[in-house]
Amino acid sequence: MTDEPPVSESAPRRSDPRYAIDLPARLVVVEGRPEKVRLIDLSRGGFRVTSPLNLPAGHPVRLEVDGWPRLIGKVVWCSGGRIGCMIDVPPSDTVYETMRAIAEGMRGAQP
């Protein structure tokens, strides 16, 4: 069972495995300022955050996490205080593994 909303037949399906994360991040909507969010999962092709924002599917966003490259993408779904996004240009394998290592270090440093 998943807590994601149903995906329409026309929506892209996730092909990369998810990596569970719990990190502070910023979500920037194109015309707005950075909003504090929690990054709760990541794959090479997308991410999910918790946020009170209500964004429509297709809305462009940028995810910022200290020590990571900025991830530019778009909203795929938004429901129940969570936002699922697809990354426009996924990071290389090397960059992705570095991001995961930084996340592990940040998670281990949290009380």
# chains A, B, ... in the order shown; residues from 1 in each chain; ligands from 1
>>> residues_around(residues="A:Pro91", least_positions_apart="5", cutoff="12 Å", atoms="only C-alpha atoms", output="list in words")
Leu42, Ser43, Arg44, Gly45, Gly46, Trp68, Pro69, Arg70, Leu71, Ile72, Gly73, Tyr96, Glu97, Thr98, Met99 and Arg100 of chain A
>>> write_last_selection(atoms="all heavy atoms", output="short mmCIF file (atom, residue, chain, number, x, y, z; two decimals), in the first residue's frame")
data_model
loop_
_atom_site.label_atom_id
_atom_site.label_comp_id
_atom_site.auth_asym_id
_atom_site.auth_seq_id
_atom_site.Cartn_x
_atom_site.Cartn_y
_atom_site.Cartn_z
N LEU A 42 13.70 10.49 -1.98
CA LEU A 42 14.45 10.91 -3.16
C LEU A 42 14.71 9.70 -4.03
O LEU A 42 14.97 8.60 -3.53
CB LEU A 42 15.79 11.52 -2.72
CG LEU A 42 16.76 11.93 -3.83
CD1 LEU A 42 16.26 13.19 -4.52
CD2 LEU A 42 18.14 12.17 -3.25
N SER A 43 14.62 9.90 -5.32
CA SER A 43 15.11 8.93 -6.29
C SER A 43 15.88 9.74 -7.34
O SER A 43 15.86 10.97 -7.30
CB SER A 43 13.96 8.15 -6.94
OG SER A 43 13.23 8.97 -7.84
N ARG A 44 16.55 9.08 -8.24
CA ARG A 44 17.28 9.84 -9.26
C ARG A 44 16.33 10.70 -10.08
O ARG A 44 16.71 11.75 -10.57
CB ARG A 44 18.05 8.91 -10.19
CG ARG A 44 19.34 8.47 -9.55
CD ARG A 44 20.43 8.07 -10.50
NE ARG A 44 20.84 9.14 -11.37
CZ ARG A 44 20.88 9.05 -12.70
NH1 ARG A 44 20.53 7.95 -13.30
NH2 ARG A 44 21.29 10.06 -13.42
N GLY A 45 15.08 10.28 -10.22
CA GLY A 45 14.15 10.99 -11.08
C GLY A 45 13.15 11.87 -10.39
O GLY A 45 12.37 12.57 -11.04
N GLY A 46 13.14 11.88 -9.04
CA GLY A 46 12.14 12.69 -8.37
C GLY A 46 12.34 12.76 -6.88
O GLY A 46 13.27 12.17 -6.33
N TRP A 68 23.96 20.26 -1.69
CA TRP A 68 23.52 19.55 -2.90
C TRP A 68 23.41 20.53 -4.05
O TRP A 68 23.17 21.72 -3.85
CB TRP A 68 22.13 18.97 -2.69
CG TRP A 68 22.01 17.77 -1.84
CD1 TRP A 68 22.96 17.24 -1.01
CD2 TRP A 68 20.86 16.94 -1.72
NE1 TRP A 68 22.45 16.14 -0.38
CE2 TRP A 68 21.17 15.93 -0.79
CE3 TRP A 68 19.60 16.97 -2.31
CZ2 TRP A 68 20.26 14.94 -0.44
CZ3 TRP A 68 18.70 15.99 -1.95
CH2 TRP A 68 19.02 14.98 -1.04
N PRO A 69 23.49 20.01 -5.28
CA PRO A 69 23.12 20.87 -6.41
C PRO A 69 21.61 21.12 -6.36
O PRO A 69 20.86 20.33 -5.78
CB PRO A 69 23.49 20.03 -7.63
CG PRO A 69 23.48 18.62 -7.16
CD PRO A 69 23.86 18.66 -5.70
N ARG A 70 21.19 22.23 -6.93
CA ARG A 70 19.75 22.51 -7.00
C ARG A 70 19.10 21.53 -7.96
O ARG A 70 19.64 21.23 -9.02
CB ARG A 70 19.52 23.93 -7.46
CG ARG A 70 19.97 24.93 -6.44
CD ARG A 70 19.81 26.33 -6.95
NE ARG A 70 20.14 27.27 -5.89
CZ ARG A 70 20.21 28.56 -6.06
NH1 ARG A 70 19.97 29.09 -7.25
NH2 ARG A 70 20.52 29.35 -5.06
N LEU A 71 17.92 21.05 -7.58
CA LEU A 71 17.17 20.12 -8.42
C LEU A 71 15.96 20.86 -8.98
O LEU A 71 15.11 21.33 -8.23
CB LEU A 71 16.73 18.90 -7.61
CG LEU A 71 17.85 18.07 -7.00
CD1 LEU A 71 17.27 16.95 -6.14
CD2 LEU A 71 18.76 17.51 -8.08
N ILE A 72 15.90 20.95 -10.28
CA ILE A 72 14.81 21.66 -10.95
C ILE A 72 13.86 20.63 -11.52
O ILE A 72 14.28 19.65 -12.14
CB ILE A 72 15.36 22.58 -12.05
CG1 ILE A 72 16.26 23.64 -11.40
CG2 ILE A 72 14.23 23.22 -12.85
CD1 ILE A 72 17.05 24.47 -12.37
N GLY A 73 12.57 20.87 -11.30
CA GLY A 73 11.58 19.91 -11.80
C GLY A 73 10.20 20.50 -11.81
O GLY A 73 10.02 21.72 -11.89
N TYR A 96 24.48 11.76 -7.58
CA TYR A 96 23.39 11.19 -6.79
C TYR A 96 23.94 10.45 -5.58
O TYR A 96 23.43 10.60 -4.46
CB TYR A 96 22.54 10.26 -7.67
CG TYR A 96 21.38 9.62 -6.96
CD1 TYR A 96 20.34 10.38 -6.46
CD2 TYR A 96 21.32 8.24 -6.80
CE1 TYR A 96 19.27 9.79 -5.81
CE2 TYR A 96 20.26 7.64 -6.15
CZ TYR A 96 19.24 8.42 -5.66
OH TYR A 96 18.18 7.83 -5.02
N GLU A 97 24.97 9.67 -5.76
CA GLU A 97 25.57 8.95 -4.63
C GLU A 97 26.16 9.93 -3.62
O GLU A 97 26.09 9.69 -2.41
CB GLU A 97 26.62 7.95 -5.11
CG GLU A 97 26.02 6.77 -5.85
CD GLU A 97 24.93 6.04 -5.06
OE1 GLU A 97 25.08 5.83 -3.83
OE2 GLU A 97 23.89 5.70 -5.66
N THR A 98 26.74 11.04 -4.07
CA THR A 98 27.25 12.06 -3.17
C THR A 98 26.10 12.69 -2.38
O THR A 98 26.20 12.91 -1.17
CB THR A 98 28.02 13.15 -3.94
OG1 THR A 98 29.12 12.53 -4.62
CG2 THR A 98 28.54 14.23 -3.03
N MET A 99 24.99 12.96 -3.05
CA MET A 99 23.81 13.52 -2.38
C MET A 99 23.32 12.57 -1.29
O MET A 99 23.02 13.00 -0.18
CB MET A 99 22.70 13.79 -3.40
CG MET A 99 23.01 14.92 -4.36
SD MET A 99 21.94 14.97 -5.81
CE MET A 99 20.33 15.16 -5.10
N ARG A 100 23.26 11.29 -1.62
CA ARG A 100 22.82 10.29 -0.63
C ARG A 100 23.77 10.24 0.56
O ARG A 100 23.34 10.13 1.70
CB ARG A 100 22.69 8.92 -1.28
CG ARG A 100 21.47 8.84 -2.20
CD ARG A 100 21.27 7.48 -2.76
NE ARG A 100 21.26 6.48 -1.70
CZ ARG A 100 21.15 5.18 -1.90
NH1 ARG A 100 21.05 4.72 -3.12
NH2 ARG A 100 21.15 4.33 -0.90
#
>>> closest_residue(among="A:Ala25, A:Val89, A:Val30, A:Ala57", to="A:Val76", atoms="only C-alpha atoms")
A:Ala57
>>> closest_residue(among="A:Ala101, A:Leu53, A:Val95, A:Val65", to="A:Tyr19", atoms="only C-alpha atoms")
A:Ala101
>>> select_by_dssp(residues="chain A", states="helix (DSSP H, G or I)", output="list in words")
Asp93, Thr94, Val95, Tyr96, Glu97, Thr98, Met99, Arg100, Ala101, Ile102, Ala103, Glu104, Gly105, Met106, Arg107, Gly108 and Ala109 of chain A
>>> residues_around(residues="A:Leu27", least_positions_apart="2", cutoff="9 Å", atoms="only C-alpha atoms", output="PDB file with N, CA, C and O atoms, in the first residue's frame")
ATOM      1  N   ALA A  25      14.765  21.293   3.887  1.00  0.00           N
ATOM      2  CA  ALA A  25      15.048  21.734   2.513  1.00  0.00           C
ATOM      3  C   ALA A  25      14.235  22.992   2.240  1.00  0.00           C
ATOM      4  O   ALA A  25      13.441  23.428   3.073  1.00  0.00           O
ATOM      5  N   VAL A  29       9.161  28.005  -5.703  1.00  0.00           N
ATOM      6  CA  VAL A  29       8.271  28.034  -6.857  1.00  0.00           C
ATOM      7  C   VAL A  29       8.748  29.181  -7.726  1.00  0.00           C
ATOM      8  O   VAL A  29       9.300  30.161  -7.230  1.00  0.00           O
ATOM      9  N   ARG A  33       9.322  32.925  -3.233  1.00  0.00           N
ATOM     10  CA  ARG A  33      10.536  32.844  -2.421  1.00  0.00           C
ATOM     11  C   ARG A  33      10.664  31.414  -1.890  1.00  0.00           C
ATOM     12  O   ARG A  33       9.696  30.656  -1.901  1.00  0.00           O
ATOM     13  N   PRO A  34      11.840  31.066  -1.374  1.00  0.00           N
ATOM     14  CA  PRO A  34      12.010  29.708  -0.834  1.00  0.00           C
ATOM     15  C   PRO A  34      11.063  29.439   0.332  1.00  0.00           C
ATOM     16  O   PRO A  34      10.905  30.276   1.213  1.00  0.00           O
ATOM     17  N   GLU A  35      10.427  28.298   0.299  1.00  0.00           N
ATOM     18  CA  GLU A  35       9.544  27.865   1.383  1.00  0.00           C
ATOM     19  C   GLU A  35      10.205  26.689   2.083  1.00  0.00           C
ATOM     20  O   GLU A  35      10.701  25.771   1.426  1.00  0.00           O
ATOM     21  N   LYS A  36      10.215  26.707   3.416  1.00  0.00           N
ATOM     22  CA  LYS A  36      10.787  25.596   4.167  1.00  0.00           C
ATOM     23  C   LYS A  36       9.907  24.372   4.014  1.00  0.00           C
ATOM     24  O   LYS A  36       8.679  24.454   4.161  1.00  0.00           O
ATOM     25  N   VAL A  37      10.538  23.238   3.704  1.00  0.00           N
ATOM     26  CA  VAL A  37       9.849  21.963   3.549  1.00  0.00           C
ATOM     27  C   VAL A  37      10.718  20.886   4.198  1.00  0.00           C
ATOM     28  O   VAL A  37      11.851  21.144   4.590  1.00  0.00           O
ATOM     29  N   VAL A  49       8.248  15.907  -0.781  1.00  0.00           N
ATOM     30  CA  VAL A  49       8.412  16.784   0.375  1.00  0.00           C
ATOM     31  C   VAL A  49       7.102  16.892   1.130  1.00  0.00           C
ATOM     32  O   VAL A  49       6.032  16.643   0.578  1.00  0.00           O
ATOM     33  N   SER A  51       4.799  19.715   2.968  1.00  0.00           N
ATOM     34  CA  SER A  51       4.641  21.160   2.891  1.00  0.00           C
ATOM     35  C   SER A  51       3.158  21.510   2.898  1.00  0.00           C
ATOM     36  O   SER A  51       2.340  20.770   2.350  1.00  0.00           O
ATOM     37  N   VAL A  61       9.231  23.837 -10.041  1.00  0.00           N
ATOM     38  CA  VAL A  61       9.787  24.024  -8.708  1.00  0.00           C
ATOM     39  C   VAL A  61      11.298  23.811  -8.743  1.00  0.00           C
ATOM     40  O   VAL A  61      11.834  23.223  -9.686  1.00  0.00           O
ATOM     41  N   ARG A  62      11.950  24.283  -7.687  1.00  0.00           N
ATOM     42  CA  ARG A  62      13.379  24.030  -7.505  1.00  0.00           C
ATOM     43  C   ARG A  62      13.575  23.601  -6.054  1.00  0.00           C
ATOM     44  O   ARG A  62      13.091  24.271  -5.140  1.00  0.00           O
ATOM     45  N   LEU A  63      14.264  22.468  -5.849  1.00  0.00           N
ATOM     46  CA  LEU A  63      14.550  21.979  -4.506  1.00  0.00           C
ATOM     47  C   LEU A  63      15.977  22.355  -4.146  1.00  0.00           C
ATOM     48  O   LEU A  63      16.904  22.125  -4.923  1.00  0.00           O
ATOM     49  N   GLU A  64      16.135  22.934  -2.949  1.00  0.00           N
ATOM     50  CA  GLU A  64      17.457  23.315  -2.462  1.00  0.00           C
ATOM     51  C   GLU A  64      17.711  22.632  -1.129  1.00  0.00           C
ATOM     52  O   GLU A  64      16.900  22.733  -0.209  1.00  0.00           O
TER      53      GLU A  64
END
>>> closest_residue(among="A:Leu23, A:Lys74, A:Arg82, A:Glu31", to="A:Thr50", atoms="only C-alpha atoms")
A:Arg82
>>> atom_distance(atom1="atom CA of A:Ile21", atom2="atom CA of A:Ala103")
7.1 Å
>>> closest_residue(among="A:Pro24, A:Gly105, A:Asn54, A:Pro90", to="A:Trp77", atoms="only C-alpha atoms")
A:Asn54
>>> closest_residue(among="A:Ile102, A:Leu55, A:Ile87, A:Ile40", to="A:Gly67", atoms="only C-alpha atoms")
A:Ile102
>>> select_by_dssp(residues="chain A", states="strand (DSSP E)", output="ChimeraX atom specification")
/A:19-29,34-43,46-50,60-64,71-79,82-87
>>> write_last_selection(atoms="N, CA and C atoms", output="short mmCIF file (atom, residue, chain, number, x, y, z; two decimals), in the first residue's frame")
data_model
loop_
_atom_site.label_atom_id
_atom_site.label_comp_id
_atom_site.auth_asym_id
_atom_site.auth_seq_id
_atom_site.Cartn_x
_atom_site.Cartn_y
_atom_site.Cartn_z
N TYR A 19 14.70 6.50 -1.96
CA TYR A 19 15.61 6.53 -0.83
C TYR A 19 14.93 7.36 0.25
N ALA A 20 14.58 6.76 1.37
CA ALA A 20 13.90 7.48 2.45
C ALA A 20 14.86 8.47 3.09
N ILE A 21 14.38 9.69 3.25
CA ILE A 21 15.18 10.79 3.80
C ILE A 21 14.28 11.59 4.73
N ASP A 22 14.88 12.30 5.65
CA ASP A 22 14.15 13.27 6.47
C ASP A 22 15.09 14.43 6.69
N LEU A 23 15.07 15.39 5.77
CA LEU A 23 15.99 16.52 5.80
C LEU A 23 15.26 17.84 5.63
N PRO A 24 15.77 18.89 6.27
CA PRO A 24 15.23 20.22 5.99
C PRO A 24 15.65 20.63 4.58
N ALA A 25 14.77 21.29 3.89
CA ALA A 25 15.05 21.73 2.51
C ALA A 25 14.23 22.99 2.24
N ARG A 26 14.46 23.54 1.06
CA ARG A 26 13.69 24.69 0.60
C ARG A 26 13.12 24.34 -0.77
N LEU A 27 11.85 24.67 -0.95
CA LEU A 27 11.19 24.49 -2.23
C LEU A 27 10.89 25.88 -2.77
N VAL A 28 11.41 26.14 -3.95
CA VAL A 28 11.21 27.45 -4.57
C VAL A 28 10.27 27.27 -5.75
N VAL A 29 9.16 28.00 -5.70
CA VAL A 29 8.27 28.03 -6.86
C VAL A 29 8.75 29.18 -7.73
N PRO A 34 11.84 31.07 -1.37
CA PRO A 34 12.01 29.71 -0.83
C PRO A 34 11.06 29.44 0.33
N GLU A 35 10.43 28.30 0.30
CA GLU A 35 9.54 27.87 1.38
C GLU A 35 10.21 26.69 2.08
N LYS A 36 10.22 26.71 3.42
CA LYS A 36 10.79 25.60 4.17
C LYS A 36 9.91 24.37 4.01
N VAL A 37 10.54 23.24 3.70
CA VAL A 37 9.85 21.96 3.55
C VAL A 37 10.72 20.89 4.20
N ARG A 38 10.17 19.67 4.29
CA ARG A 38 10.96 18.50 4.71
C ARG A 38 11.03 17.57 3.52
N LEU A 39 12.24 17.21 3.14
CA LEU A 39 12.45 16.24 2.08
C LEU A 39 12.29 14.86 2.70
N ILE A 40 11.33 14.07 2.20
CA ILE A 40 11.06 12.77 2.83
C ILE A 40 11.43 11.58 1.95
N ASP A 41 11.62 11.79 0.66
CA ASP A 41 12.21 10.73 -0.14
C ASP A 41 12.80 11.28 -1.42
N LEU A 42 13.70 10.49 -1.98
CA LEU A 42 14.45 10.91 -3.16
C LEU A 42 14.71 9.70 -4.03
N SER A 43 14.62 9.90 -5.32
CA SER A 43 15.11 8.93 -6.29
C SER A 43 15.88 9.74 -7.34
N GLY A 46 13.14 11.88 -9.04
CA GLY A 46 12.14 12.69 -8.37
C GLY A 46 12.34 12.76 -6.88
N PHE A 47 11.44 13.47 -6.22
CA PHE A 47 11.51 13.63 -4.78
C PHE A 47 10.12 13.92 -4.24
N ARG A 48 9.99 13.75 -2.92
CA ARG A 48 8.73 14.04 -2.24
C ARG A 48 9.05 14.88 -1.02
N VAL A 49 8.25 15.91 -0.78
CA VAL A 49 8.41 16.78 0.38
C VAL A 49 7.10 16.89 1.13
N THR A 50 7.20 17.27 2.41
CA THR A 50 6.02 17.65 3.16
C THR A 50 5.98 19.16 3.18
N PRO A 60 6.32 24.40 -12.05
CA PRO A 60 7.77 24.28 -11.93
C PRO A 60 8.24 24.60 -10.51
N VAL A 61 9.23 23.84 -10.04
CA VAL A 61 9.79 24.02 -8.71
C VAL A 61 11.30 23.81 -8.74
N ARG A 62 11.95 24.28 -7.69
CA ARG A 62 13.38 24.03 -7.50
C ARG A 62 13.57 23.60 -6.05
N LEU A 63 14.26 22.47 -5.85
CA LEU A 63 14.55 21.98 -4.51
C LEU A 63 15.98 22.36 -4.15
N GLU A 64 16.14 22.93 -2.95
CA GLU A 64 17.46 23.31 -2.46
C GLU A 64 17.71 22.63 -1.13
N LEU A 71 17.92 21.05 -7.58
CA LEU A 71 17.17 20.12 -8.42
C LEU A 71 15.96 20.86 -8.98
N ILE A 72 15.90 20.95 -10.28
CA ILE A 72 14.81 21.66 -10.95
C ILE A 72 13.86 20.63 -11.52
N GLY A 73 12.57 20.87 -11.30
CA GLY A 73 11.58 19.91 -11.80
C GLY A 73 10.20 20.50 -11.81
N LYS A 74 9.23 19.58 -11.70
CA LYS A 74 7.83 20.02 -11.70
C LYS A 74 7.01 19.11 -10.81
N VAL A 75 5.91 19.67 -10.32
CA VAL A 75 4.99 18.93 -9.47
C VAL A 75 4.28 17.87 -10.30
N VAL A 76 4.22 16.65 -9.76
CA VAL A 76 3.46 15.57 -10.39
C VAL A 76 2.13 15.41 -9.66
N TRP A 77 2.16 15.53 -8.35
CA TRP A 77 0.94 15.45 -7.54
C TRP A 77 1.13 16.23 -6.25
N CYS A 78 0.03 16.61 -5.65
CA CYS A 78 0.03 17.36 -4.39
C CYS A 78 -1.23 16.95 -3.63
N SER A 79 -1.03 16.39 -2.43
CA SER A 79 -2.18 15.92 -1.67
C SER A 79 -1.79 15.70 -0.21
N ARG A 82 1.63 16.75 1.20
CA ARG A 82 2.80 16.19 0.54
C ARG A 82 2.79 16.56 -0.93
N ILE A 83 4.00 16.73 -1.46
CA ILE A 83 4.14 17.11 -2.87
C ILE A 83 5.14 16.15 -3.51
N GLY A 84 4.74 15.50 -4.59
CA GLY A 84 5.62 14.63 -5.36
C GLY A 84 6.07 15.36 -6.61
N CYS A 85 7.38 15.37 -6.85
CA CYS A 85 7.93 16.11 -7.99
C CYS A 85 8.83 15.23 -8.84
N MET A 86 8.88 15.54 -10.12
CA MET A 86 9.76 14.86 -11.06
C MET A 86 10.88 15.83 -11.39
N ILE A 87 12.13 15.34 -11.40
CA ILE A 87 13.30 16.16 -11.71
C ILE A 87 13.46 16.22 -13.22
#
>>> decode(residues="stretch 47-82 of chain A", atoms="N, CA and C atoms", output="PDB file, in the first residue's frame")
ATOM      1  N   PHE A  47      11.443  13.473  -6.225  1.00  0.00           N
ATOM      2  CA  PHE A  47      11.506  13.633  -4.778  1.00  0.00           C
ATOM      3  C   PHE A  47      10.118  13.922  -4.236  1.00  0.00           C
ATOM      4  N   ARG A  48       9.992  13.748  -2.917  1.00  0.00           N
ATOM      5  CA  ARG A  48       8.733  14.043  -2.241  1.00  0.00           C
ATOM      6  C   ARG A  48       9.048  14.879  -1.016  1.00  0.00           C
ATOM      7  N   VAL A  49       8.248  15.907  -0.781  1.00  0.00           N
ATOM      8  CA  VAL A  49       8.412  16.784   0.375  1.00  0.00           C
ATOM      9  C   VAL A  49       7.102  16.892   1.130  1.00  0.00           C
ATOM     10  N   THR A  50       7.203  17.270   2.408  1.00  0.00           N
ATOM     11  CA  THR A  50       6.016  17.649   3.157  1.00  0.00           C
ATOM     12  C   THR A  50       5.980  19.164   3.182  1.00  0.00           C
ATOM     13  N   SER A  51       4.799  19.715   2.968  1.00  0.00           N
ATOM     14  CA  SER A  51       4.641  21.160   2.891  1.00  0.00           C
ATOM     15  C   SER A  51       3.158  21.510   2.898  1.00  0.00           C
ATOM     16  N   PRO A  52       2.810  22.665   3.478  1.00  0.00           N
ATOM     17  CA  PRO A  52       1.420  23.110   3.414  1.00  0.00           C
ATOM     18  C   PRO A  52       1.057  23.746   2.069  1.00  0.00           C
ATOM     19  N   LEU A  53       2.056  23.908   1.180  1.00  0.00           N
ATOM     20  CA  LEU A  53       1.774  24.500  -0.129  1.00  0.00           C
ATOM     21  C   LEU A  53       0.780  23.636  -0.901  1.00  0.00           C
ATOM     22  N   ASN A  54      -0.026  24.276  -1.727  1.00  0.00           N
ATOM     23  CA  ASN A  54      -0.959  23.567  -2.602  1.00  0.00           C
ATOM     24  C   ASN A  54      -0.616  23.963  -4.033  1.00  0.00           C
ATOM     25  N   LEU A  55       0.134  23.101  -4.708  1.00  0.00           N
ATOM     26  CA  LEU A  55       0.613  23.411  -6.052  1.00  0.00           C
ATOM     27  C   LEU A  55      -0.025  22.479  -7.077  1.00  0.00           C
ATOM     28  N   PRO A  56      -0.382  23.010  -8.225  1.00  0.00           N
ATOM     29  CA  PRO A  56      -0.987  22.166  -9.255  1.00  0.00           C
ATOM     30  C   PRO A  56       0.055  21.307  -9.968  1.00  0.00           C
ATOM     31  N   ALA A  57      -0.382  20.185 -10.493  1.00  0.00           N
ATOM     32  CA  ALA A  57       0.496  19.333 -11.296  1.00  0.00           C
ATOM     33  C   ALA A  57       1.057  20.143 -12.457  1.00  0.00           C
ATOM     34  N   GLY A  58       2.327  19.951 -12.723  1.00  0.00           N
ATOM     35  CA  GLY A  58       2.986  20.669 -13.802  1.00  0.00           C
ATOM     36  C   GLY A  58       3.659  21.956 -13.371  1.00  0.00           C
ATOM     37  N   HIS A  59       3.407  22.407 -12.145  1.00  0.00           N
ATOM     38  CA  HIS A  59       3.989  23.658 -11.661  1.00  0.00           C
ATOM     39  C   HIS A  59       5.506  23.492 -11.498  1.00  0.00           C
ATOM     40  N   PRO A  60       6.318  24.403 -12.054  1.00  0.00           N
ATOM     41  CA  PRO A  60       7.769  24.284 -11.927  1.00  0.00           C
ATOM     42  C   PRO A  60       8.241  24.603 -10.511  1.00  0.00           C
ATOM     43  N   VAL A  61       9.231  23.837 -10.041  1.00  0.00           N
ATOM     44  CA  VAL A  61       9.787  24.024  -8.708  1.00  0.00           C
ATOM     45  C   VAL A  61      11.298  23.811  -8.743  1.00  0.00           C
ATOM     46  N   ARG A  62      11.950  24.283  -7.687  1.00  0.00           N
ATOM     47  CA  ARG A  62      13.379  24.030  -7.505  1.00  0.00           C
ATOM     48  C   ARG A  62      13.575  23.601  -6.054  1.00  0.00           C
ATOM     49  N   LEU A  63      14.264  22.468  -5.849  1.00  0.00           N
ATOM     50  CA  LEU A  63      14.550  21.979  -4.506  1.00  0.00           C
ATOM     51  C   LEU A  63      15.977  22.355  -4.146  1.00  0.00           C
ATOM     52  N   GLU A  64      16.135  22.934  -2.949  1.00  0.00           N
ATOM     53  CA  GLU A  64      17.457  23.315  -2.462  1.00  0.00           C
ATOM     54  C   GLU A  64      17.711  22.632  -1.129  1.00  0.00           C
ATOM     55  N   VAL A  65      18.834  21.925  -1.051  1.00  0.00           N
ATOM     56  CA  VAL A  65      19.306  21.293   0.178  1.00  0.00           C
ATOM     57  C   VAL A  65      20.767  21.701   0.317  1.00  0.00           C
ATOM     58  N   ASP A  66      21.145  22.156   1.502  1.00  0.00           N
ATOM     59  CA  ASP A  66      22.530  22.576   1.713  1.00  0.00           C
ATOM     60  C   ASP A  66      23.498  21.461   1.330  1.00  0.00           C
ATOM     61  N   GLY A  67      24.503  21.806   0.522  1.00  0.00           N
ATOM     62  CA  GLY A  67      25.511  20.843   0.101  1.00  0.00           C
ATOM     63  C   GLY A  67      25.164  20.067  -1.152  1.00  0.00           C
ATOM     64  N   TRP A  68      23.964  20.260  -1.686  1.00  0.00           N
ATOM     65  CA  TRP A  68      23.519  19.550  -2.898  1.00  0.00           C
ATOM     66  C   TRP A  68      23.411  20.528  -4.053  1.00  0.00           C
ATOM     67  N   PRO A  69      23.485  20.007  -5.277  1.00  0.00           N
ATOM     68  CA  PRO A  69      23.120  20.869  -6.414  1.00  0.00           C
ATOM     69  C   PRO A  69      21.609  21.118  -6.359  1.00  0.00           C
ATOM     70  N   ARG A  70      21.190  22.226  -6.930  1.00  0.00           N
ATOM     71  CA  ARG A  70      19.750  22.507  -6.997  1.00  0.00           C
ATOM     72  C   ARG A  70      19.099  21.525  -7.963  1.00  0.00           C
ATOM     73  N   LEU A  71      17.919  21.049  -7.579  1.00  0.00           N
ATOM     74  CA  LEU A  71      17.166  20.123  -8.418  1.00  0.00           C
ATOM     75  C   LEU A  71      15.960  20.857  -8.980  1.00  0.00           C
ATOM     76  N   ILE A  72      15.898  20.953 -10.280  1.00  0.00           N
ATOM     77  CA  ILE A  72      14.810  21.661 -10.950  1.00  0.00           C
ATOM     78  C   ILE A  72      13.861  20.626 -11.523  1.00  0.00           C
ATOM     79  N   GLY A  73      12.568  20.867 -11.299  1.00  0.00           N
ATOM     80  CA  GLY A  73      11.583  19.911 -11.795  1.00  0.00           C
ATOM     81  C   GLY A  73      10.196  20.498 -11.805  1.00  0.00           C
ATOM     82  N   LYS A  74       9.225  19.583 -11.696  1.00  0.00           N
ATOM     83  CA  LYS A  74       7.831  20.024 -11.702  1.00  0.00           C
ATOM     84  C   LYS A  74       7.006  19.113 -10.809  1.00  0.00           C
ATOM     85  N   VAL A  75       5.915  19.666 -10.324  1.00  0.00           N
ATOM     86  CA  VAL A  75       4.993  18.930  -9.470  1.00  0.00           C
ATOM     87  C   VAL A  75       4.281  17.874 -10.304  1.00  0.00           C
ATOM     88  N   VAL A  76       4.225  16.651  -9.758  1.00  0.00           N
ATOM     89  CA  VAL A  76       3.465  15.574 -10.392  1.00  0.00           C
ATOM     90  C   VAL A  76       2.134  15.410  -9.665  1.00  0.00           C
ATOM     91  N   TRP A  77       2.158  15.529  -8.354  1.00  0.00           N
ATOM     92  CA  TRP A  77       0.941  15.449  -7.544  1.00  0.00           C
ATOM     93  C   TRP A  77       1.131  16.226  -6.252  1.00  0.00           C
ATOM     94  N   CYS A  78       0.025  16.613  -5.649  1.00  0.00           N
ATOM     95  CA  CYS A  78       0.034  17.356  -4.388  1.00  0.00           C
ATOM     96  C   CYS A  78      -1.229  16.952  -3.631  1.00  0.00           C
ATOM     97  N   SER A  79      -1.034  16.391  -2.427  1.00  0.00           N
ATOM     98  CA  SER A  79      -2.181  15.924  -1.668  1.00  0.00           C
ATOM     99  C   SER A  79      -1.791  15.697  -0.209  1.00  0.00           C
ATOM    100  N   GLY A  80      -2.674  16.068   0.702  1.00  0.00           N
ATOM    101  CA  GLY A  80      -2.479  15.761   2.114  1.00  0.00           C
ATOM    102  C   GLY A  80      -1.198  16.292   2.722  1.00  0.00           C
ATOM    103  N   GLY A  81      -0.757  17.468   2.296  1.00  0.00           N
ATOM    104  CA  GLY A  81       0.446  18.048   2.860  1.00  0.00           C
ATOM    105  C   GLY A  81       1.734  17.479   2.293  1.00  0.00           C
ATOM    106  N   ARG A  82       1.633  16.753   1.205  1.00  0.00           N
ATOM    107  CA  ARG A  82       2.805  16.186   0.542  1.00  0.00           C
ATOM    108  C   ARG A  82       2.792  16.563  -0.929  1.00  0.00           C
TER     109      ARG A  82
END
